[in-house]
$ cat model.pdb   # PDB, C-alpha atoms
ATOM      1  CA  MET A   1     -27.882  -1.036 -17.515
ATOM      2  CA  SER A   2     -25.742   0.356 -14.659
ATOM      3  CA  ASP A   3     -23.531  -1.743 -12.405
ATOM      4  CA  LEU A   4     -25.870  -1.040  -9.530
ATOM      5  CA  THR A   5     -28.977  -2.140 -11.386
ATOM      6  CA  THR A   6     -27.212  -5.213 -12.710
ATOM      7  CA  THR A   7     -26.214  -6.190  -9.186
ATOM      8  CA  THR A   8     -29.548  -5.661  -7.518
ATOM      9  CA  ALA A   9     -32.334  -5.987 -10.050
ATOM     10  CA  THR A  10     -32.701  -9.733  -9.626
ATOM     11  CA  GLY A  11     -32.429  -9.717  -5.828
ATOM     12  CA  ALA A  12     -35.439 -10.646  -3.763
ATOM     13  CA  ALA A  13     -34.899  -7.568  -1.615
ATOM     14  CA  ASP A  14     -35.668  -5.378  -4.603
ATOM     15  CA  ALA A  15     -38.983  -6.988  -5.486
ATOM     16  CA  GLY A  16     -41.679  -4.385  -5.756
ATOM     17  CA  LYS A  17     -39.376  -1.442  -4.941
ATOM     18  CA  PRO A  18     -41.059   1.688  -6.343
ATOM     19  CA  ASP A  19     -39.333   3.853  -8.933
ATOM     20  CA  ALA A  20     -36.318   1.557  -9.152
ATOM     21  CA  ALA A  21     -34.851   3.478 -12.095
ATOM     22  CA  GLY A  22     -35.173   6.767 -10.223
ATOM     23  CA  ILE A  23     -33.447   5.396  -7.125
ATOM     24  CA  ASP A  24     -30.711   3.901  -9.281
ATOM     25  CA  SER A  25     -30.133   7.234 -11.007
ATOM     26  CA  ARG A  26     -29.945   9.157  -7.731
ATOM     27  CA  LEU A  27     -27.452   6.727  -6.227
ATOM     28  CA  GLU A  28     -25.335   6.474  -9.377
ATOM     29  CA  GLY A  29     -25.029  10.264  -9.427
ATOM     30  CA  HIS A  30     -22.754   9.987  -6.375
ATOM     31  CA  ARG A  31     -20.540   7.180  -7.682
ATOM     32  CA  VAL A  32     -17.536   9.268  -8.792
ATOM     33  CA  GLU A  33     -17.213  11.330  -5.619
ATOM     34  CA  LEU A  34     -17.722   8.254  -3.440
ATOM     35  CA  THR A  35     -15.038   6.420  -5.415
ATOM     36  CA  GLY A  36     -12.669   9.329  -4.810
ATOM     37  CA  TYR A  37     -13.410   9.191  -1.092
ATOM     38  CA  CYS A  38     -12.944   5.421  -0.856
ATOM     39  CA  TYR A  39      -9.767   5.604  -2.955
ATOM     40  CA  ARG A  40      -8.249   8.130  -0.549
ATOM     41  CA  MET A  41      -9.269   5.915   2.357
ATOM     42  CA  LEU A  42      -8.022   2.622   0.903
ATOM     43  CA  GLY A  43      -5.217   3.525  -1.519
ATOM     44  CA  SER A  44      -6.433   0.880  -3.976
ATOM     45  CA  ALA A  45      -8.300   1.482  -7.210
ATOM     46  CA  PHE A  46     -10.050  -1.864  -7.193
ATOM     47  CA  GLU A  47     -10.826  -1.946  -3.478
ATOM     48  CA  ALA A  48     -12.283   1.559  -3.794
ATOM     49  CA  GLU A  49     -14.598   0.499  -6.593
ATOM     50  CA  ASP A  50     -15.612  -2.598  -4.622
ATOM     51  CA  ALA A  51     -16.330  -0.424  -1.575
ATOM     52  CA  VAL A  52     -18.495   1.941  -3.588
ATOM     53  CA  GLN A  53     -20.395  -0.911  -5.180
ATOM     54  CA  ASP A  54     -21.030  -2.350  -1.708
ATOM     55  CA  THR A  55     -22.119   1.101  -0.506
ATOM     56  CA  LEU A  56     -24.619   1.578  -3.325
ATOM     57  CA  VAL A  57     -26.024  -1.913  -2.996
ATOM     58  CA  ARG A  58     -26.538  -1.382   0.754
ATOM     59  CA  ALA A  59     -28.172   1.971   0.049
ATOM     60  CA  TRP A  60     -30.429   0.432  -2.595
ATOM     61  CA  ARG A  61     -31.573  -2.337  -0.296
ATOM     62  CA  ASN A  62     -32.233   0.055   2.585
ATOM     63  CA  PHE A  63     -33.567   3.009   0.633
ATOM     64  CA  ASP A  64     -37.019   2.623   2.103
ATOM     65  CA  LYS A  65     -35.425   3.133   5.557
ATOM     66  CA  PHE A  66     -33.762   6.387   4.519
ATOM     67  CA  GLU A  67     -35.831   8.920   6.398
ATOM     68  CA  GLY A  68     -34.390  12.083   4.914
ATOM     69  CA  ARG A  69     -33.196  13.467   8.252
ATOM     70  CA  SER A  70     -29.860  14.046   6.527
ATOM     71  CA  SER A  71     -29.092  14.533   2.867
ATOM     72  CA  LEU A  72     -28.806  11.501   0.616
ATOM     73  CA  ARG A  73     -25.155  12.432   0.100
ATOM     74  CA  SER A  74     -24.433  12.420   3.848
ATOM     75  CA  TRP A  75     -26.210   9.090   4.236
ATOM     76  CA  LEU A  76     -24.124   7.558   1.447
ATOM     77  CA  TYR A  77     -20.908   8.871   2.979
ATOM     78  CA  ARG A  78     -21.883   7.295   6.303
ATOM     79  CA  ILE A  79     -22.351   3.929   4.598
ATOM     80  CA  ALA A  80     -19.140   4.303   2.572
ATOM     81  CA  THR A  81     -17.159   5.236   5.693
ATOM     82  CA  ASN A  82     -18.385   2.155   7.526
ATOM     83  CA  VAL A  83     -17.548  -0.050   4.543
ATOM     84  CA  CYS A  84     -14.023   1.396   4.351
ATOM     85  CA  LEU A  85     -13.436   1.121   8.095
ATOM     86  CA  ASP A  86     -14.481  -2.523   7.962
ATOM     87  CA  MET A  87     -12.045  -3.132   5.097
ATOM     88  CA  LEU A  88      -9.244  -1.315   6.919
ATOM     89  CA  ASN A  89      -9.749  -3.409  10.039
ATOM     90  CA  ALA A  90      -7.912  -6.139   8.147
ATOM     91  CA  GLY A  91      -4.797  -4.026   8.696
ATOM     92  CA  ASN A  92      -3.852  -3.654   5.054
ATOM     93  CA  LYS A  93      -1.871  -0.454   4.425
ATOM     94  CA  ARG A  94      -0.843   0.529   0.905
ATOM     95  CA  ALA A  95       2.582   1.974   0.201
ATOM     96  CA  ARG A  96       4.959   3.170  -2.505
ATOM     97  CA  PRO A  97       8.407   1.626  -2.937
ATOM     98  CA  VAL A  98       9.902   4.808  -1.449
ATOM     99  CA  ASP A  99       7.899   4.167   1.745
ATOM    100  CA  LEU A 100       9.349   0.695   2.298
ATOM    101  CA  THR A 101      13.085   0.814   1.581
ATOM    102  CA  GLY A 102      15.898   3.156   0.744
ATOM    103  CA  PRO A 103      16.991   3.768  -2.860
ATOM    104  CA  THR A 104      18.975   0.978  -4.482
ATOM    105  CA  PRO A 105      22.277   1.819  -6.183
ATOM    106  CA  LEU A 106      22.251   0.803  -9.828
ATOM    107  CA  ALA A 107      25.060  -1.715  -9.277
ATOM    108  CA  GLN A 108      22.826  -3.594  -6.821
ATOM    109  CA  ALA A 109      19.559  -3.276  -8.760
ATOM    110  CA  ALA A 110      17.427  -6.417  -8.727
ATOM    111  CA  LEU A 111      13.756  -6.790  -9.602
ATOM    112  CA  SER A 112      12.042  -8.362  -6.583
ATOM    113  CA  PRO A 113       8.234  -8.281  -6.738
ATOM    114  CA  ARG A 114       5.935  -8.006  -3.745
ATOM    115  CA  PRO A 115       2.236  -8.972  -3.637
ATOM    116  CA  GLU A 116      -0.179  -6.559  -5.285
ATOM    117  CA  ASN A 117      -1.944  -5.788  -1.998
ATOM    118  CA  VAL A 118       1.236  -4.073  -0.749
ATOM    119  CA  TRP A 119       1.138  -1.277  -3.280
ATOM    120  CA  LEU A 120      -0.585   2.055  -3.538
ATOM    121  CA  GLU A 121      -2.388   1.925  -6.880
ATOM    122  CA  PRO A 122      -2.921   4.522  -9.615
ATOM    123  CA  MET A 123      -6.404   5.721 -10.481
ATOM    124  CA  PRO A 124      -7.803   7.470 -13.581
ATOM    125  CA  ASP A 125      -8.934  11.004 -12.803
ATOM    126  CA  GLY A 126     -12.294  10.436 -14.449
ATOM    127  CA  ARG A 127     -13.204   7.747 -11.912
ATOM    128  CA  ILE A 128     -12.450   9.831  -8.804
ATOM    129  CA  LEU A 129     -12.669  13.546  -9.646
ATOM    130  CA  PRO A 130     -16.233  14.798 -10.235
ATOM    131  CA  SER A 131     -16.675  17.859 -12.406
ATOM    132  CA  VAL A 132     -16.787  21.058 -10.350
ATOM    133  CA  GLN A 133     -17.076  24.679 -11.415
ATOM    134  CA  ASP A 134     -14.917  26.261  -8.712
ATOM    135  CA  PRO A 135     -11.227  26.200  -9.790
ATOM    136  CA  ALA A 136     -10.046  26.303  -6.150
ATOM    137  CA  GLU A 137     -12.245  23.327  -5.247
ATOM    138  CA  ALA A 138     -10.993  21.441  -8.297
ATOM    139  CA  ALA A 139      -7.385  22.152  -7.309
ATOM    140  CA  VAL A 140      -7.933  20.782  -3.793
ATOM    141  CA  ALA A 141      -9.539  17.654  -5.221
ATOM    142  CA  ARG A 142      -6.585  17.058  -7.566
ATOM    143  CA  GLU A 143      -4.008  17.600  -4.844
ATOM    144  CA  SER A 144      -5.821  15.169  -2.564
ATOM    145  CA  VAL A 145      -5.475  12.256  -4.992
ATOM    146  CA  ARG A 146      -1.768  12.755  -5.673
ATOM    147  CA  LEU A 147       0.238   9.622  -5.013
ATOM    148  CA  ALA A 148       2.285  11.347  -2.304
ATOM    149  CA  PHE A 149      -0.817  12.588  -0.481
ATOM    150  CA  VAL A 150      -2.676   9.273  -0.647
ATOM    151  CA  ALA A 151       0.499   7.505   0.520
ATOM    152  CA  ALA A 152       0.725   9.905   3.472
ATOM    153  CA  LEU A 153      -2.894   9.156   4.363
ATOM    154  CA  GLN A 154      -1.929   5.498   4.761
ATOM    155  CA  HIS A 155       0.089   6.441   7.845
ATOM    156  CA  LEU A 156      -3.066   7.575   9.664
ATOM    157  CA  PRO A 157      -5.315   5.328  11.741
ATOM    158  CA  PRO A 158      -8.535   4.671   9.800
ATOM    159  CA  LYS A 159     -10.799   7.071  11.711
ATOM    160  CA  GLN A 160      -8.218   9.863  11.600
ATOM    161  CA  ARG A 161      -7.993   9.246   7.874
ATOM    162  CA  ALA A 162     -11.752   9.647   7.506
ATOM    163  CA  VAL A 163     -11.788  12.807   9.637
ATOM    164  CA  LEU A 164      -9.005  14.456   7.666
ATOM    165  CA  ILE A 165     -10.532  13.651   4.268
ATOM    166  CA  LEU A 166     -14.008  14.795   5.283
ATOM    167  CA  ARG A 167     -12.800  18.003   6.937
ATOM    168  CA  GLU A 168      -9.819  19.063   4.812
ATOM    169  CA  VAL A 169     -10.680  17.696   1.378
ATOM    170  CA  LEU A 170     -14.472  17.654   1.313
ATOM    171  CA  ALA A 171     -14.884  20.683   3.617
ATOM    172  CA  TRP A 172     -17.418  19.099   5.955
ATOM    173  CA  LYS A 173     -18.122  20.894   9.231
ATOM    174  CA  ALA A 174     -16.831  19.305  12.427
ATOM    175  CA  ALA A 175     -20.407  18.763  13.637
ATOM    176  CA  GLU A 176     -21.280  16.931  10.403
ATOM    177  CA  VAL A 177     -18.264  14.640  10.740
ATOM    178  CA  ALA A 178     -19.059  14.011  14.401
ATOM    179  CA  GLU A 179     -22.595  12.977  13.474
ATOM    180  CA  LEU A 180     -21.348  10.682  10.703
ATOM    181  CA  LEU A 181     -18.812   8.979  12.990
ATOM    182  CA  GLU A 182     -21.171   9.028  15.987
ATOM    183  CA  THR A 183     -18.678  10.880  18.157
ATOM    184  CA  SER A 184     -18.196  14.374  19.611
ATOM    185  CA  VAL A 185     -17.019  17.554  17.924
ATOM    186  CA  ALA A 186     -14.118  17.698  20.391
ATOM    187  CA  SER A 187     -13.072  14.184  19.364
ATOM    188  CA  VAL A 188     -13.228  15.136  15.686
ATOM    189  CA  ASN A 189     -11.123  18.263  16.242
ATOM    190  CA  SER A 190      -8.566  16.289  18.237
ATOM    191  CA  ALA A 191      -8.337  13.602  15.536
ATOM    192  CA  LEU A 192      -7.899  16.272  12.863
ATOM    193  CA  GLN A 193      -5.076  17.933  14.797
ATOM    194  CA  ARG A 194      -3.240  14.619  15.194
ATOM    195  CA  ALA A 195      -3.793  13.728  11.539
ATOM    196  CA  ARG A 196      -2.409  17.077  10.369
ATOM    197  CA  ALA A 197       0.704  16.590  12.496
ATOM    198  CA  THR A 198       1.313  13.128  11.042
ATOM    199  CA  LEU A 199       0.853  14.342   7.472
ATOM    200  CA  THR A 200       3.312  17.180   8.031
ATOM    201  CA  GLU A 201       5.929  14.574   8.964
ATOM    202  CA  THR A 202       5.211  12.070   6.203
ATOM    203  CA  GLU A 203       3.958  13.798   3.059
ATOM    204  CA  GLY A 204       6.518  14.227   0.298
ATOM    205  CA  ARG A 205       7.157  17.425  -1.560
ATOM    206  CA  ALA A 206       4.145  18.664  -3.461
ATOM    207  CA  GLY A 207       4.199  18.637  -7.231
ATOM    208  CA  ASP A 208       2.884  21.293  -9.553
ATOM    209  CA  ALA A 209      -0.758  21.325 -10.561
ATOM    210  CA  ALA A 210      -1.462  19.050 -13.496
ATOM    211  CA  ASP A 211      -4.751  20.421 -14.777
ATOM    212  CA  PRO A 212      -4.858  22.752 -16.463
ATOM    213  CA  LEU A 213      -1.258  22.499 -17.623
ATOM    214  CA  ASP A 214       0.430  25.825 -18.135
ATOM    215  CA  GLU A 215       2.542  26.411 -21.215
ATOM    216  CA  GLU A 216       5.836  25.680 -19.443
ATOM    217  CA  GLN A 217       4.572  22.373 -18.032
ATOM    218  CA  GLN A 218       3.153  21.349 -21.403
ATOM    219  CA  LYS A 219       6.475  22.005 -23.120
ATOM    220  CA  LEU A 220       8.317  20.058 -20.400
ATOM    221  CA  LEU A 221       6.074  17.041 -20.950
ATOM    222  CA  GLU A 222       6.406  17.298 -24.727
ATOM    223  CA  ARG A 223      10.176  17.240 -24.321
ATOM    224  CA  TYR A 224       9.872  14.295 -21.951
ATOM    225  CA  VAL A 225       7.868  12.303 -24.498
ATOM    226  CA  LYS A 226      10.374  13.108 -27.228
ATOM    227  CA  ALA A 227      13.342  12.155 -25.030
ATOM    228  CA  PHE A 228      11.718   8.937 -23.769
ATOM    229  CA  GLU A 229      10.492   7.747 -27.143
ATOM    230  CA  GLY A 230      13.879   8.559 -28.653
ATOM    231  CA  TYR A 231      15.611   6.949 -25.679
ATOM    232  CA  ASP A 232      17.835  10.026 -25.567
ATOM    233  CA  MET A 233      19.413   9.846 -22.125
ATOM    234  CA  ALA A 234      21.162  13.210 -22.414
ATOM    235  CA  ALA A 235      17.868  14.924 -23.217
ATOM    236  CA  LEU A 236      16.096  13.017 -20.435
ATOM    237  CA  THR A 237      18.779  13.943 -17.910
ATOM    238  CA  ALA A 238      18.237  17.609 -18.742
ATOM    239  CA  LEU A 239      14.550  17.265 -17.770
ATOM    240  CA  LEU A 240      15.016  15.348 -14.522
ATOM    241  CA  HIS A 241      15.628  16.916 -11.138
ATOM    242  CA  GLU A 242      18.998  15.782  -9.801
ATOM    243  CA  ASP A 243      17.201  13.899  -6.993
ATOM    244  CA  ALA A 244      14.420  12.509  -9.198
ATOM    245  CA  VAL A 245      13.094   9.076  -8.290
ATOM    246  CA  MET A 246      11.905   6.185 -10.428
ATOM    247  CA  THR A 247       9.641   3.482  -8.993
ATOM    248  CA  MET A 248       8.318   0.312 -10.614
ATOM    249  CA  PRO A 249       5.618  -1.503  -8.599
ATOM    250  CA  PRO A 250       5.207  -4.451  -8.132
ATOM    251  CA  PHE A 251       9.013  -4.398  -7.734
ATOM    252  CA  ASP A 252      10.271  -2.867  -4.491
ATOM    253  CA  LEU A 253      13.348  -1.467  -6.249
ATOM    254  CA  TRP A 254      13.466   2.290  -6.616
ATOM    255  CA  LEU A 255      16.184   4.488  -8.003
ATOM    256  CA  GLN A 256      17.226   8.036  -7.185
ATOM    257  CA  GLY A 257      19.294  10.451  -9.221
ATOM    258  CA  THR A 258      19.692  10.969 -12.937
ATOM    259  CA  GLY A 259      22.722   8.692 -13.254
ATOM    260  CA  ASP A 260      21.053   5.630 -11.744
ATOM    261  CA  ILE A 261      17.756   6.235 -13.575
ATOM    262  CA  THR A 262      19.287   6.591 -17.015
ATOM    263  CA  GLY A 263      21.787   3.817 -16.262
ATOM    264  CA  PHE A 264      18.931   1.463 -15.438
ATOM    265  CA  MET A 265      17.045   2.447 -18.588
ATOM    266  CA  THR A 266      20.028   1.606 -20.796
ATOM    267  CA  SER A 267      20.837  -1.691 -19.032
ATOM    268  CA  ILE A 268      18.073  -3.693 -17.314
ATOM    269  CA  GLY A 269      15.416  -1.538 -18.974
ATOM    270  CA  ALA A 270      16.991  -1.448 -22.438
ATOM    271  CA  ALA A 271      14.053  -3.341 -23.986
ATOM    272  CA  CYS A 272      11.994  -0.142 -23.613
ATOM    273  CA  ALA A 273      13.997   1.640 -26.313
ATOM    274  CA  GLY A 274      11.700   2.682 -29.134
ATOM    275  CA  SER A 275       8.606   2.831 -26.918
ATOM    276  CA  LYS A 276       5.496   4.969 -27.409
ATOM    277  CA  LEU A 277       3.822   7.113 -24.747
ATOM    278  CA  VAL A 278       0.086   7.854 -24.861
ATOM    279  CA  PRO A 279      -1.165  10.688 -22.600
ATOM    280  CA  VAL A 280      -3.654   9.692 -19.908
ATOM    281  CA  SER A 281      -4.797  11.375 -16.704
ATOM    282  CA  ALA A 282      -4.117   9.798 -13.313
ATOM    283  CA  ASN A 283      -4.006  10.925  -9.691
ATOM    284  CA  GLY A 284      -4.350  14.583 -10.569
ATOM    285  CA  SER A 285      -0.965  14.371 -12.299
ATOM    286  CA  PRO A 286       0.447  14.097 -15.812
ATOM    287  CA  ALA A 287       0.535  10.447 -16.840
ATOM    288  CA  PHE A 288       1.232   8.219 -19.820
ATOM    289  CA  ALA A 289       0.405   4.752 -21.015
ATOM    290  CA  HIS A 290       3.759   3.233 -21.919
ATOM    291  CA  TYR A 291       3.804   0.779 -24.826
ATOM    292  CA  LYS A 292       7.066  -0.952 -25.701
ATOM    293  CA  PRO A 293       7.943  -2.609 -29.039
ATOM    294  CA  ALA A 294       6.373  -6.037 -29.430
ATOM    295  CA  GLU A 295       8.881  -8.875 -29.581
ATOM    296  CA  ASP A 296       7.315 -10.103 -32.837
ATOM    297  CA  GLY A 297       7.939  -6.702 -34.405
ATOM    298  CA  SER A 298       4.265  -5.982 -35.056
ATOM    299  CA  GLY A 299       3.436  -2.803 -33.202
ATOM    300  CA  PHE A 300       3.589  -2.005 -29.517
ATOM    301  CA  VAL A 301       2.342  -3.810 -26.412
ATOM    302  CA  PRO A 302       1.415  -2.474 -22.948
ATOM    303  CA  TRP A 303       4.246  -2.112 -20.491
ATOM    304  CA  ALA A 304       3.353   0.433 -17.783
ATOM    305  CA  VAL A 305       1.220   3.326 -16.653
ATOM    306  CA  GLN A 306       3.588   6.170 -15.798
ATOM    307  CA  VAL A 307       2.504   8.816 -13.297
ATOM    308  CA  ILE A 308       4.812  11.819 -13.485
ATOM    309  CA  ASP A 309       5.687  14.259 -10.683
ATOM    310  CA  VAL A 310       6.637  17.752 -11.824
ATOM    311  CA  GLN A 311       8.011  20.474  -9.592
ATOM    312  CA  ASP A 312       9.590  23.826 -10.365
ATOM    313  CA  GLY A 313      10.071  23.075 -14.035
ATOM    314  CA  ALA A 314      11.662  19.643 -13.616
ATOM    315  CA  ILE A 315      10.486  16.035 -13.401
ATOM    316  CA  THR A 316      10.922  14.801  -9.848
ATOM    317  CA  GLY A 317       9.250  11.398 -10.110
ATOM    318  CA  MET A 318       8.566   8.666 -12.689
ATOM    319  CA  HIS A 319       6.219   6.125 -11.132
ATOM    320  CA  CYS A 320       5.837   3.171 -13.474
ATOM    321  CA  PHE A 321       3.034   0.739 -12.606
ATOM    322  CA  LEU A 322       3.852  -2.463 -14.454
ATOM    323  CA  ASP A 323       0.854  -4.714 -13.763
ATOM    324  CA  VAL A 324      -0.655  -3.917 -17.153
ATOM    325  CA  PRO A 325      -3.361  -6.623 -17.223
ATOM    326  CA  ARG A 326      -4.959  -4.654 -14.382
ATOM    327  CA  TRP A 327      -4.108  -1.056 -15.283
ATOM    328  CA  PHE A 328      -4.720  -0.828 -19.013
ATOM    329  CA  PRO A 329      -8.365  -2.030 -18.837
ATOM    330  CA  LEU A 330      -8.949   0.305 -15.861
ATOM    331  CA  PHE A 331      -7.775   3.242 -17.975
ATOM    332  CA  GLY A 332      -9.727   2.051 -21.034
ATOM    333  CA  LEU A 333      -6.531   1.589 -23.059
ATOM    334  CA  PRO A 334      -6.089  -0.649 -26.107
ATOM    335  CA  ASP A 335      -4.102  -3.858 -25.663
ATOM    336  CA  ARG A 336      -1.893  -3.087 -28.659
ATOM    337  CA  LEU A 337      -0.782  -0.143 -30.809
ATOM    338  CA  PRO A 338      -0.147  -0.578 -34.535
ATOM    339  CA  ALA A 339       3.365  -0.262 -35.899
ATOM    340  CA  ASP A 340       2.567   3.143 -37.417
ATOM    341  CA  ALA A 341       1.225   4.599 -34.149
TER
END
$ encode --input "model.pdb" --output "structure tokens"
Amino acid sequence: MSDLTTTTATGAADAGKPDAAGIDSRLEGHRVELTGYCYRMLGSAFEAEDAVQDTLVRAWRNFDKFEGRSSLRSWLYRIATNVCLDMLNAGNKRARPVDLTGPTPLAQAALSPRPENVWLEPMPDGRILPSVQDPAEAAVARESVRLAFVAALQHLPPKQRAVLILREVLAWKAAEVAELLETSVASVNSALQRARATLTETEGRAGDAADPLDEEQQKLLERYVKAFEGYDMAALTALLHEDAVMTMPPFDLWLQGTGDITGFMTSIGAACAGSKLVPVSANGSPAFAHYKPAEDGSGFVPWAVQVIDVQDGAITGMHCFLDVPRWFPLFGLPDRLPADA
């Protein structure tokens, strides 16, 4: 039974609703793309899924009022937009460590956590990127869930954020966006112009496409896995861009440059020697589930989800999300690897 059916089937509002299974199926068919939209709006994996669940429940309960004057998809996006705008009225803005402070020299490195609602969160590709046939459309979708792009979106006022995503990512017409937001086409075009200007100022350098990986990128990642699992700092240094960054939410510390990154890994992070990396797919980028050796010596335990930025044949970012009780279940990962993994 789907999440939607589980949530609504026992509600009094659903009593006697015709073709409940058919309605459920039609609404569920939009879940992935709606989750991608809400994730871009909110910057949080779990808030996005909550927003979509709220959207589908509202749609279910009001389906008999849906008059078909717009498409079901447009109607759902209208509901989802209103849900997200309501959530954003609380003023919560997600960020990366690089958005909050400057880099910390290794000699001053200290692990200071901040609350989870501060941080931009990773998201599995399968939950936010629907299957599409057009390679160009797929490439736009992947780029628009990159950590750097979603972080840049957080600098926009909520309605500008919605306008930019609907127009630039989802390719809606200005008139369609104006109807959804109950405003004018001129207002939509003005908001889009302002949003583009802000993104130009705030978005970080773009990484290379992650899917499909070309042969050079695949070899780079294979070498990265070998260097990381072997804890070979010389080999790792050869793969990193000289200005590469390493972040570790929920800690606000971030490091820049090969010397500080490898120095941290062999000092404060030395317990990660002998780790295993399992490929996953996150934010349209190469990613790995990082398991470190268990203290009891029996296999490997979750430590981080790494999202990797690659540009021009080098690794420019290692973003290590350490809140594993939240991330590993989200990615469907096992809570332990055997010693012979």
$ atom_distance --input "model.pdb" --atom1 "atom CA of A:Ala95" --atom2 "atom CA of A:Leu253"
13.0 Å
$ resolve_selection --input "model.pdb" --expression "the PyMOL selection byres ((chain A and resi 21-27) around 8)" --output "PyMOL selection string"
chain A and resi 4-5+19-20+28-31+56+59-60
$ write_last_selection --input "model.pdb" --atoms "C-alpha atoms" --output "compact mmCIF listing (two decimals), in the coordinates of the input"
# COMPACT_ATOMS: atom_id res chain seq x y z
CA LEU A 4 -25.87 -1.04 -9.53
CA THR A 5 -28.98 -2.14 -11.39
CA ASP A 19 -39.33 3.85 -8.93
CA ALA A 20 -36.32 1.56 -9.15
CA GLU A 28 -25.34 6.47 -9.38
CA GLY A 29 -25.03 10.26 -9.43
CA HIS A 30 -22.75 9.99 -6.38
CA ARG A 31 -20.54 7.18 -7.68
CA LEU A 56 -24.62 1.58 -3.32
CA ALA A 59 -28.17 1.97 0.05
CA TRP A 60 -30.43 0.43 -2.60
$ closest_residue --input "model.pdb" --among "A:Pro329, A:Gly263, A:Pro158, A:Gly274" --to "A:Gly91" --atoms "only C-alpha atoms"
A:Pro158
$ resolve_selection --input "model.pdb" --expression "the PyMOL selection byres ((chain A and resi 68-78) around 12)" --output "ChimeraX atom specification"
/A:23,26-31,33-38,51-60,62-67,79-85,162-163,165-166,170,172-173,176-182
$ write_last_selection --input "model.pdb" --atoms "C-alpha atoms" --output "CSV table (one decimal), in the frame of the given file"
chain,number,residue,atom,x,y,z
A,23,ILE,CA,-33.4,5.4,-7.1
A,26,ARG,CA,-29.9,9.2,-7.7
A,27,LEU,CA,-27.5,6.7,-6.2
A,28,GLU,CA,-25.3,6.5,-9.4
A,29,GLY,CA,-25.0,10.3,-9.4
A,30,HIS,CA,-22.8,10.0,-6.4
A,31,ARG,CA,-20.5,7.2,-7.7
A,33,GLU,CA,-17.2,11.3,-5.6
A,34,LEU,CA,-17.7,8.3,-3.4
A,35,THR,CA,-15.0,6.4,-5.4
A,36,GLY,CA,-12.7,9.3,-4.8
A,37,TYR,CA,-13.4,9.2,-1.1
A,38,CYS,CA,-12.9,5.4,-0.9
A,51,ALA,CA,-16.3,-0.4,-1.6
A,52,VAL,CA,-18.5,1.9,-3.6
A,53,GLN,CA,-20.4,-0.9,-5.2
A,54,ASP,CA,-21.0,-2.4,-1.7
A,55,THR,CA,-22.1,1.1,-0.5
A,56,LEU,CA,-24.6,1.6,-3.3
A,57,VAL,CA,-26.0,-1.9,-3.0
A,58,ARG,CA,-26.5,-1.4,0.8
A,59,ALA,CA,-28.2,2.0,0.0
A,60,TRP,CA,-30.4,0.4,-2.6
A,62,ASN,CA,-32.2,0.1,2.6
A,63,PHE,CA,-33.6,3.0,0.6
A,64,ASP,CA,-37.0,2.6,2.1
A,65,LYS,CA,-35.4,3.1,5.6
A,66,PHE,CA,-33.8,6.4,4.5
A,67,GLU,CA,-35.8,8.9,6.4
A,79,ILE,CA,-22.4,3.9,4.6
A,80,ALA,CA,-19.1,4.3,2.6
A,81,THR,CA,-17.2,5.2,5.7
A,82,ASN,CA,-18.4,2.2,7.5
A,83,VAL,CA,-17.5,0.0,4.5
A,84,CYS,CA,-14.0,1.4,4.4
A,85,LEU,CA,-13.4,1.1,8.1
A,162,ALA,CA,-11.8,9.6,7.5
A,163,VAL,CA,-11.8,12.8,9.6
A,165,ILE,CA,-10.5,13.7,4.3
A,166,LEU,CA,-14.0,14.8,5.3
A,170,LEU,CA,-14.5,17.7,1.3
A,172,TRP,CA,-17.4,19.1,6.0
A,173,LYS,CA,-18.1,20.9,9.2
A,176,GLU,CA,-21.3,16.9,10.4
A,177,VAL,CA,-18.3,14.6,10.7
A,178,ALA,CA,-19.1,14.0,14.4
A,179,GLU,CA,-22.6,13.0,13.5
A,180,LEU,CA,-21.3,10.7,10.7
A,181,LEU,CA,-18.8,9.0,13.0
A,182,GLU,CA,-21.2,9.0,16.0
$ atom_distance --input "model.pdb" --atom1 "atom CA of A:Pro124" --atom2 "atom CA of A:Ile308"
13.3 Å
$ residues_near_point --input "model.pdb" --point "(16.9, 4.4, -5.3)" --cutoff "10 Å" --atoms "only C-alpha atoms" --output "ChimeraX atom specification"
/A:97-98,101-106,109,243-247,252-257,260-261
$ closest_residue --input "model.pdb" --among "A:Ser112, A:Phe251, A:Gln217, A:Met265" --to "A:Tyr231" --atoms "only C-alpha atoms"
A:Met265
$ atom_distance --input "model.pdb" --atom1 "atom CA of A:Pro249" --atom2 "atom CA of A:Leu100"
11.7 Å
$ closest_residue --input "model.pdb" --among "A:Leu156, A:Glu121, A:Glu168, A:Phe46" --to "A:Gln306" --atoms "only C-alpha atoms"
A:Glu121
$ residues_around --input "model.pdb" --residues "stretch 315-327 of chain A" --least-positions-apart "3" --cutoff "9 Å" --atoms "all atoms listed in the file" --output "count of residues only"
38
$ closest_residue --input "model.pdb" --among "A:Ala195, A:Ala186, A:Ala238, A:Ala227" --to "A:Ala273" --atoms "only C-alpha atoms"
A:Ala227
$ resolve_selection --input "model.pdb" --expression "the PyMOL selection byres ((chain A and resi 136-140) around 9)" --output "list of chain:residue names"
A:Leu129, A:Pro130, A:Ser131, A:Val132, A:Gln133, A:Asp134, A:Pro135, A:Ala141, A:Arg142, A:Glu143, A:Ser144, A:Val145, A:Glu168, A:Val169, A:Leu170, A:Ala209, A:Asp211, A:Gly284
$ decode --input "model.pdb" --residues "stretch 265-273 of chain A" --atoms "C-alpha atoms" --output "short mmCIF file (atom, residue, chain, number, x, y, z; two decimals), in the first residue's frame"
data_model
loop_
_atom_site.label_atom_id
_atom_site.label_comp_id
_atom_site.auth_asym_id
_atom_site.auth_seq_id
_atom_site.Cartn_x
_atom_site.Cartn_y
_atom_site.Cartn_z
CA MET A 265 42.51 13.12 7.26
CA THR A 266 45.75 11.92 8.85
CA SER A 267 45.17 13.71 12.19
CA ILE A 268 41.61 14.40 13.42
CA GLY A 269 40.19 12.08 10.75
CA ALA A 270 42.75 9.29 11.16
CA ALA A 271 40.08 6.82 12.36
CA CYS A 272 38.82 6.67 8.75
CA ALA A 273 41.93 4.81 7.59
#
